[in-house]
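For reference, structure-v6.csv is printed below; it contains CSV, C-alpha atoms.
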```csv
chain,number,residue,atom,x,y,z
N,1,MET,CA,-64.3,-116.4,-99.7
N,2,PHE,CA,-61.2,-115.5,-97.9
N,3,ALA,CA,-59.3,-118.4,-99.4
N,4,SER,CA,-60.1,-117.3,-102.9
N,5,ASP,CA,-58.9,-113.8,-102.1
N,6,VAL,CA,-55.6,-115.2,-100.9
N,7,LEU,CA,-55.4,-117.2,-104.1
N,8,ILE,CA,-56.0,-114.1,-106.3
N,9,ALA,CA,-53.3,-112.2,-104.3
N,10,GLN,CA,-50.9,-115.1,-104.9
N,11,ASN,CA,-51.6,-115.1,-108.6
N,12,ILE,CA,-51.0,-111.4,-108.9
N,13,GLY,CA,-47.8,-111.8,-106.9
N,14,PHE,CA,-46.8,-114.6,-109.1
N,15,ALA,CA,-47.4,-112.7,-112.3
N,16,ILE,CA,-45.5,-109.6,-111.2
N,17,ILE,CA,-42.5,-111.7,-110.0
N,18,ALA,CA,-42.5,-113.9,-113.1
N,19,THR,CA,-42.5,-110.9,-115.4
N,20,ILE,CA,-39.6,-109.4,-113.6
N,21,MET,CA,-37.8,-112.7,-113.7
N,22,VAL,CA,-38.3,-113.2,-117.4
N,23,ILE,CA,-37.2,-109.6,-118.2
N,24,GLY,CA,-34.1,-110.1,-116.0
N,25,ALA,CA,-33.3,-113.4,-117.6
N,26,LEU,CA,-33.6,-111.9,-121.1
N,27,ARG,CA,-31.3,-109.1,-120.1
N,28,VAL,CA,-28.8,-111.6,-118.7
N,29,VAL,CA,-28.5,-113.2,-122.1
N,30,THR,CA,-28.7,-110.1,-124.2
N,31,THR,CA,-26.8,-107.3,-122.4
N,32,SER,CA,-23.4,-106.3,-123.7
N,33,ASN,CA,-21.8,-105.7,-120.3
N,34,VAL,CA,-20.7,-108.6,-118.1
N,35,VAL,CA,-21.2,-106.8,-114.8
N,36,HIS,CA,-24.7,-105.7,-115.8
N,37,ALA,CA,-25.4,-109.4,-116.7
N,38,ALA,CA,-24.3,-110.4,-113.2
N,39,LEU,CA,-26.6,-107.8,-111.6
N,40,TRP,CA,-29.5,-108.8,-113.7
N,41,LEU,CA,-28.9,-112.4,-112.6
N,42,VAL,CA,-29.3,-111.1,-109.0
N,43,VAL,CA,-32.8,-109.9,-110.0
N,44,VAL,CA,-33.6,-113.4,-111.5
N,45,LEU,CA,-32.3,-115.2,-108.4
N,46,ALA,CA,-34.1,-113.0,-106.0
N,47,GLY,CA,-37.3,-113.5,-108.0
N,48,ALA,CA,-36.7,-117.2,-107.8
N,49,ALA,CA,-36.4,-116.9,-104.0
N,50,ALA,CA,-39.7,-115.1,-103.9
N,51,GLN,CA,-41.3,-117.9,-106.0
N,52,TYR,CA,-40.0,-120.4,-103.5
N,53,ILE,CA,-41.7,-118.5,-100.7
N,54,LEU,CA,-44.9,-118.6,-102.8
N,55,LEU,CA,-44.4,-122.4,-103.1
N,56,ALA,CA,-44.2,-122.6,-99.3
N,57,ALA,CA,-40.5,-123.4,-99.3
N,58,GLU,CA,-39.0,-121.0,-96.7
N,59,PHE,CA,-35.8,-122.8,-96.0
N,60,VAL,CA,-34.9,-123.2,-99.7
N,61,ALA,CA,-35.7,-119.5,-100.3
N,62,ILE,CA,-33.4,-118.4,-97.5
N,63,THR,CA,-30.7,-120.8,-98.7
N,64,GLN,CA,-31.1,-119.4,-102.2
N,65,VAL,CA,-30.5,-115.9,-101.0
N,66,LEU,CA,-27.5,-116.9,-98.9
N,67,VAL,CA,-25.8,-119.1,-101.4
N,68,TYR,CA,-26.7,-117.6,-104.7
N,69,ILE,CA,-27.1,-113.9,-104.1
N,70,GLY,CA,-24.5,-114.0,-101.3
N,71,ALA,CA,-21.8,-116.3,-102.5
N,72,VAL,CA,-22.2,-117.2,-106.2
N,73,MET,CA,-22.7,-113.6,-107.2
N,74,VAL,CA,-19.5,-112.6,-105.4
N,75,LEU,CA,-17.8,-115.4,-107.3
N,76,PHE,CA,-19.1,-114.1,-110.6
N,77,LEU,CA,-18.1,-110.6,-109.9
N,78,PHE,CA,-14.6,-111.7,-108.9
N,79,GLY,CA,-14.4,-113.9,-112.0
N,80,THR,CA,-15.3,-110.9,-114.1
N,81,MET,CA,-12.9,-108.6,-112.3
N,82,LEU,CA,-10.0,-111.1,-112.6
N,83,THR,CA,-10.5,-112.0,-116.2
N,84,ARG,CA,-11.4,-108.6,-117.7
N,85,ALA,CA,-9.4,-105.5,-117.6
N,86,ARG,CA,-12.3,-103.3,-118.7
N,87,ILE,CA,-15.6,-103.2,-117.0
N,88,GLY,CA,-17.6,-101.2,-119.6
N,89,ALA,CA,-19.7,-102.5,-122.5
N,90,GLU,CA,-18.2,-104.9,-125.0
N,91,SER,CA,-19.3,-105.7,-128.4
N,92,ASP,CA,-17.9,-109.2,-128.8
N,93,LEU,CA,-19.7,-111.2,-126.2
N,94,ASN,CA,-21.7,-113.2,-128.6
N,95,ASN,CA,-20.7,-116.0,-131.0
N,96,LYS,CA,-20.7,-115.4,-134.8
N,97,ASN,CA,-23.6,-117.7,-135.1
N,98,TRP,CA,-25.6,-116.5,-132.1
N,99,TYR,CA,-28.9,-116.4,-134.0
N,100,PHE,CA,-29.0,-120.2,-134.1
N,101,GLY,CA,-29.9,-120.0,-130.4
N,102,ILE,CA,-33.2,-118.4,-131.1
N,103,PRO,CA,-34.9,-121.2,-133.1
N,104,VAL,CA,-33.4,-123.8,-130.7
N,105,ALA,CA,-34.8,-122.0,-127.7
N,106,LEU,CA,-38.2,-121.4,-129.3
N,107,ALA,CA,-38.5,-125.0,-130.5
N,108,LEU,CA,-37.5,-126.3,-127.0
N,109,PHE,CA,-40.1,-124.0,-125.4
N,110,VAL,CA,-42.9,-125.0,-127.8
N,111,ALA,CA,-42.2,-128.7,-127.1
N,112,MET,CA,-42.1,-128.2,-123.4
N,113,ALA,CA,-45.2,-126.0,-123.3
N,114,MET,CA,-47.1,-128.6,-125.3
N,115,ALA,CA,-46.0,-131.4,-123.0
N,116,LEU,CA,-46.9,-129.4,-119.9
N,117,ASP,CA,-50.2,-128.4,-121.3
N,118,SER,CA,-51.3,-131.9,-122.2
N,119,GLY,CA,-49.8,-133.3,-119.0
N,120,PHE,CA,-51.1,-130.8,-116.4
N,121,GLY,CA,-53.7,-128.8,-118.2
N,122,SER,CA,-55.6,-126.9,-115.5
N,123,GLN,CA,-54.5,-128.8,-112.5
N,124,LYS,CA,-54.5,-126.7,-109.4
N,125,MET,CA,-52.1,-126.5,-106.5
N,126,PRO,CA,-53.5,-127.6,-103.1
N,127,ALA,CA,-55.4,-124.6,-101.6
N,128,ASN,CA,-53.8,-124.7,-98.2
N,129,PRO,CA,-50.4,-126.3,-98.5
N,130,ALA,CA,-48.4,-127.1,-95.4
N,131,VAL,CA,-45.4,-124.8,-95.0
N,132,ALA,CA,-42.3,-127.0,-95.0
N,133,THR,CA,-40.5,-126.4,-91.7
N,134,THR,CA,-36.8,-126.6,-91.4
N,135,GLN,CA,-37.1,-129.5,-88.9
N,136,GLU,CA,-39.0,-131.6,-91.5
N,137,ILE,CA,-36.4,-130.8,-94.2
N,138,SER,CA,-33.6,-131.8,-91.9
N,139,ASP,CA,-35.4,-135.0,-91.0
N,140,GLN,CA,-35.5,-135.7,-94.7
N,141,ILE,CA,-31.9,-134.8,-95.4
N,142,PHE,CA,-30.5,-136.8,-92.4
N,143,GLY,CA,-33.0,-139.6,-92.7
N,144,PRO,CA,-33.9,-141.2,-96.1
N,145,TYR,CA,-31.5,-138.9,-98.1
N,146,LEU,CA,-28.4,-139.3,-96.0
N,147,LEU,CA,-26.5,-141.1,-98.7
N,148,PRO,CA,-26.9,-138.4,-101.3
N,149,PHE,CA,-25.9,-135.9,-98.6
N,150,TRP,CA,-22.6,-137.8,-98.0
N,151,ALA,CA,-22.0,-137.9,-101.7
N,152,LEU,CA,-22.7,-134.2,-101.9
N,153,SER,CA,-20.1,-133.6,-99.1
N,154,PHE,CA,-17.5,-135.3,-101.2
N,155,VAL,CA,-18.5,-133.4,-104.3
N,156,LEU,CA,-18.0,-130.1,-102.4
N,157,LEU,CA,-14.7,-131.3,-101.0
N,158,ALA,CA,-13.5,-132.3,-104.5
N,159,ALA,CA,-14.8,-129.0,-105.9
N,160,VAL,CA,-12.9,-127.0,-103.3
N,161,VAL,CA,-9.7,-128.9,-103.8
N,162,GLY,CA,-10.1,-128.8,-107.6
N,163,ALA,CA,-10.7,-125.1,-107.6
N,164,ILE,CA,-7.6,-124.4,-105.5
N,165,VAL,CA,-5.4,-126.7,-107.7
N,166,LEU,CA,-6.7,-125.1,-110.9
N,167,ALA,CA,-6.4,-121.5,-109.8
N,168,ARG,CA,-3.1,-121.8,-108.0
N,169,ARG,CA,-0.1,-120.1,-109.5
N,170,ASP,CA,3.0,-122.4,-109.4
F,1,MET,CA,-52.6,-121.2,-108.4
F,2,LEU,CA,-52.2,-123.6,-111.3
F,3,VAL,CA,-49.5,-126.1,-111.3
F,4,ASN,CA,-48.7,-125.1,-114.9
F,5,GLN,CA,-47.9,-121.5,-114.2
F,6,PHE,CA,-44.8,-122.4,-112.3
F,7,LEU,CA,-43.8,-125.1,-114.8
F,8,ILE,CA,-44.2,-122.7,-117.7
F,9,LEU,CA,-42.2,-120.1,-115.9
F,10,ALA,CA,-39.5,-122.7,-115.3
F,11,ALA,CA,-39.6,-123.7,-119.0
F,12,VAL,CA,-39.2,-120.0,-120.1
F,13,LEU,CA,-36.2,-119.6,-117.9
F,14,PHE,CA,-34.8,-122.9,-119.1
F,15,CYS,CA,-35.1,-121.9,-122.7
F,16,ILE,CA,-33.6,-118.5,-122.1
F,17,GLY,CA,-30.7,-120.2,-120.4
F,18,VAL,CA,-30.2,-122.6,-123.3
F,19,TYR,CA,-30.2,-119.6,-125.7
F,20,GLY,CA,-27.6,-118.0,-123.5
F,21,VAL,CA,-25.4,-121.1,-123.6
F,22,ILE,CA,-25.6,-121.3,-127.4
F,23,ALA,CA,-25.3,-117.6,-128.1
F,24,ARG,CA,-22.7,-116.4,-125.7
F,25,LYS,CA,-19.0,-116.5,-126.3
F,26,ASN,CA,-17.7,-115.2,-123.0
F,27,ALA,CA,-17.2,-118.0,-120.6
F,28,VAL,CA,-18.5,-116.1,-117.5
F,29,LEU,CA,-21.7,-115.4,-119.3
F,30,VAL,CA,-22.1,-119.1,-120.3
F,31,LEU,CA,-21.8,-120.0,-116.6
F,32,MET,CA,-24.5,-117.4,-115.8
F,33,SER,CA,-26.8,-119.0,-118.3
F,34,ILE,CA,-26.1,-122.4,-116.7
F,35,GLU,CA,-27.2,-120.8,-113.4
F,36,LEU,CA,-30.5,-119.8,-115.1
F,37,ILE,CA,-31.0,-123.4,-116.2
F,38,LEU,CA,-30.3,-124.8,-112.7
F,39,ASN,CA,-32.7,-122.3,-111.1
F,40,SER,CA,-35.5,-123.3,-113.5
F,41,VAL,CA,-35.0,-126.9,-112.4
F,42,ASN,CA,-35.3,-125.8,-108.8
F,43,ILE,CA,-38.6,-124.1,-109.4
F,44,ASN,CA,-39.9,-127.2,-111.1
F,45,LEU,CA,-38.8,-129.4,-108.1
F,46,LEU,CA,-40.5,-127.1,-105.6
F,47,ALA,CA,-43.7,-126.8,-107.7
F,48,PHE,CA,-44.0,-130.6,-107.9
F,49,SER,CA,-43.2,-130.9,-104.2
F,50,MET,CA,-46.1,-128.6,-103.4
F,51,ARG,CA,-48.4,-130.4,-105.8
F,52,ASN,CA,-47.6,-133.8,-104.3
F,53,GLY,CA,-47.6,-132.6,-100.8
F,54,SER,CA,-44.2,-134.1,-100.1
F,55,LEU,CA,-40.8,-132.8,-99.0
F,56,ASP,CA,-38.6,-134.7,-101.4
F,57,GLY,CA,-38.4,-131.7,-103.8
F,58,HIS,CA,-37.1,-129.4,-101.1
F,59,THR,CA,-34.3,-131.8,-100.3
F,60,PHE,CA,-33.3,-132.1,-103.9
F,61,ALA,CA,-33.6,-128.4,-104.5
F,62,LEU,CA,-31.1,-127.9,-101.6
F,63,TYR,CA,-28.8,-130.5,-103.1
F,64,ILE,CA,-29.0,-128.7,-106.5
F,65,ILE,CA,-28.1,-125.4,-104.9
F,66,ALA,CA,-25.0,-127.0,-103.4
F,67,ILE,CA,-24.0,-128.6,-106.7
F,68,ALA,CA,-24.5,-125.3,-108.4
F,69,ALA,CA,-22.2,-123.6,-106.0
F,70,ALA,CA,-19.5,-126.2,-106.5
F,71,GLU,CA,-20.0,-126.0,-110.3
F,72,VAL,CA,-19.5,-122.2,-110.3
F,73,GLY,CA,-16.4,-122.5,-108.1
F,74,VAL,CA,-14.7,-125.0,-110.4
F,75,GLY,CA,-16.0,-123.3,-113.5
F,76,LEU,CA,-14.6,-119.9,-112.5
F,77,ALA,CA,-11.3,-121.6,-111.6
F,78,MET,CA,-11.2,-123.0,-115.1
F,79,VAL,CA,-12.0,-119.6,-116.6
F,80,LEU,CA,-9.2,-118.1,-114.6
F,81,LEU,CA,-6.8,-120.7,-115.8
F,82,MET,CA,-7.9,-120.1,-119.4
F,83,TYR,CA,-7.4,-116.4,-119.0
F,84,ARG,CA,-4.0,-116.9,-117.5
F,85,ASN,CA,-2.9,-119.1,-120.4
F,86,ARG,CA,-4.4,-117.2,-123.3
F,87,ARG,CA,-5.4,-113.7,-122.1
F,88,SER,CA,-8.9,-114.3,-123.4
F,89,ILE,CA,-12.0,-116.1,-122.1
F,90,ASP,CA,-13.7,-116.5,-125.5
F,91,LEU,CA,-14.9,-120.1,-125.8
F,92,ASP,CA,-14.6,-120.2,-129.6
F,93,GLU,CA,-10.8,-119.6,-129.4
F,94,LEU,CA,-10.3,-122.9,-127.6
F,95,SER,CA,-10.0,-124.8,-130.8
F,96,GLU,CA,-6.9,-126.9,-130.5
F,97,MET,CA,-9.1,-130.0,-130.5
F,98,LYS,CA,-10.2,-129.2,-134.0
F,99,GLY,CA,-8.8,-131.8,-136.5
```

Now that the file is in, can you turn its structure into structure tokens?
Amino acid sequence: MFASDVLIAQNIGFAIIATIMVIGALRVVTTSNVVHAALWLVVVLAGAAAQYILLAAEFVAITQVLVYIGAVMVLFLFGTMLTRARIGAESDLNNKNWYFGIPVALALFVAMAMALDSGFGSQKMPANPAVATTQEISDQIFGPYLLPFWALSFVLLAAVVGAIVLARRD
Amino acid sequence: MLVNQFLILAAVLFCIGVYGVIARKNAVLVLMSIELILNSVNINLLAFSMRNGSLDGHTFALYIIAIAAAEVGVGLAMVLLMYRNRRSIDLDELSEMKG
């Protein structure tokens, strides 16, 4: 009885957050103001963090807030500020042939929805999933997935050096 | 909770991101659409992680977050370079490669 109540509450929470996320994502790709697009992207990323918590992934959710909403958003706003003199609405943010994107996206979605429906139908999530603790995740990262972690360190190093080399004035 | 509700949400976000990459001309907005796509992948990874009761998805979601941060850093550096050289970040004006 109690478990089913929790599941219903989870579903209501999922529906609300998912609706907000989809609206935010649509505004990101349709708004005519770059700064507004960045702020709508914050809404989507925060919604994604909430979905991660719903998926029992606390550490990833916190990392999402720190890295995306904290760092990536600042980068985007700085990029907007440094490349655009005016902050207001602009009319020429879309390609001439922007409407080609609609059938492509719709066809892609229909294909994926059909594949997901036939693949997972009405499969349910486990009713009482174990919450992934930070210790377990660190055991994963520094245990079986150590090699990708090293590779990732080099990718980040290369990205930092590359960004400095690209953006430097000389 | 169904498995599919998360996967369908991720598919919707992915398609919106693809639409943004196709439709947008401004390079910063294209990068934002790519962020939408990467986030939808993360939702998928965590949904499958919960379904299978394993932690591999969490690890890879963290790796993808790190890769996305690196990608945005390099991407915005390239956009800055583009702006400095041409005073414009419209992607359809980068057409020297056209034969």

> When you draw a straight line from atom CA of N:Pro126 to atom CA of F:Met50, how long is it in Å?
Replying inline: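 Atom-to-atom, atom CA of N:Pro126 to atom CA of F:Met50, that is 7.5 Å.
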
>> When you look at stretch 70-77 of chain N with a cut-off of 10 Å (counting all atoms listed in the file), what residues show up, excluding the ones that are within fewer than 3 positions of it in the same chain? I need them as number ranges by chain.
In response: N: 34-35, 37-39, 41-42, 45, 63-67, 80-83; F: 28-29, 31-32, 35, 68-73, 76-77

> What gap, in Å, lies between atom CA of N:Val43 and atom CA of N:Ala111?
Replying inline: 27.1 Å

>> Neighbouring residues of F:Ala10 were defined as those with any atom within 10 Å, considering all atoms listed in the file; residues of the same chain fewer than 5 positions away were excluded. Please report them as a PyMOL selection string.
In response: (chain N and resi 18+22+48) or (chain F and resi 4-5+15-16+36-45+47)

Sorted by chain and rising residue number, which residues of chain N lie within 6 Å of chain F, and what are their closest atom pairs and distances in Å to one decimal, counting only C-alpha atoms, as a Markdown table?
```
| residue | atom | partner | partner_atom | distance |
| --- | --- | --- | --- | --- |
| N:Val29 | CA | F:Gly20 | CA | 5.1 |
| N:Leu93 | CA | F:Lys25 | CA | 5.3 |
| N:Asn94 | CA | F:Arg24 | CA | 4.4 |
| N:Asn95 | CA | F:Lys25 | CA | 5.0 |
| N:Trp98 | CA | F:Ala23 | CA | 4.2 |
| N:Gly101 | CA | F:Tyr19 | CA | 4.7 |
| N:Ala105 | CA | F:Cys15 | CA | 5.0 |
| N:Gln123 | CA | F:Val3 | CA | 5.8 |
| N:Lys124 | CA | F:Leu2 | CA | 4.3 |
| N:Met125 | CA | F:Arg51 | CA | 5.4 |
| N:Leu156 | CA | F:Ala70 | CA | 5.9 |
| N:Ala159 | CA | F:Ala70 | CA | 5.5 |
| N:Ala163 | CA | F:Val74 | CA | 4.9 |
| N:Leu166 | CA | F:Ala77 | CA | 5.8 |
| N:Ala167 | CA | F:Ala77 | CA | 5.2 |
```

May I ask you to restore N, CA and C atoms in stretch 89-100 of chain N and write the result as a short mmCIF file (atom, residue, chain, number, x, y, z; two decimals), in the frame of the given file?
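Listed below is the output, rebuild.cif:
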```
data_model
loop_
_atom_site.label_atom_id
_atom_site.label_comp_id
_atom_site.auth_asym_id
_atom_site.auth_seq_id
_atom_site.Cartn_x
_atom_site.Cartn_y
_atom_site.Cartn_z
N ALA N 89 -19.05 -101.64 -121.50
CA ALA N 89 -19.70 -102.50 -122.50
C ALA N 89 -18.73 -103.02 -123.50
N GLU N 90 -19.04 -104.22 -123.97
CA GLU N 90 -18.20 -104.90 -125.00
C GLU N 90 -19.06 -105.34 -126.10
N SER N 91 -18.46 -105.38 -127.27
CA SER N 91 -19.30 -105.70 -128.40
C SER N 91 -19.15 -107.17 -128.83
N ASP N 92 -18.16 -107.87 -128.31
CA ASP N 92 -17.90 -109.20 -128.80
C ASP N 92 -18.19 -110.29 -127.81
N LEU N 93 -19.34 -110.19 -127.15
CA LEU N 93 -19.70 -111.20 -126.20
C LEU N 93 -20.44 -112.36 -126.79
N ASN N 94 -20.94 -112.18 -128.02
CA ASN N 94 -21.70 -113.20 -128.60
C ASN N 94 -20.93 -113.98 -129.69
N ASN N 95 -21.33 -115.20 -129.95
CA ASN N 95 -20.70 -116.00 -131.00
C ASN N 95 -21.06 -115.36 -132.37
N LYS N 96 -20.33 -115.82 -133.40
CA LYS N 96 -20.70 -115.40 -134.80
C LYS N 96 -22.08 -115.89 -135.12
N ASN N 97 -22.38 -117.12 -134.71
CA ASN N 97 -23.60 -117.70 -135.10
C ASN N 97 -24.66 -117.70 -133.97
N TRP N 98 -24.72 -116.57 -133.29
CA TRP N 98 -25.60 -116.50 -132.10
C TRP N 98 -27.03 -116.69 -132.43
N TYR N 99 -27.45 -116.31 -133.66
CA TYR N 99 -28.90 -116.40 -134.00
C TYR N 99 -29.42 -117.80 -134.05
N PHE N 100 -28.51 -118.80 -134.16
CA PHE N 100 -29.00 -120.20 -134.10
C PHE N 100 -29.66 -120.50 -132.78
#
```
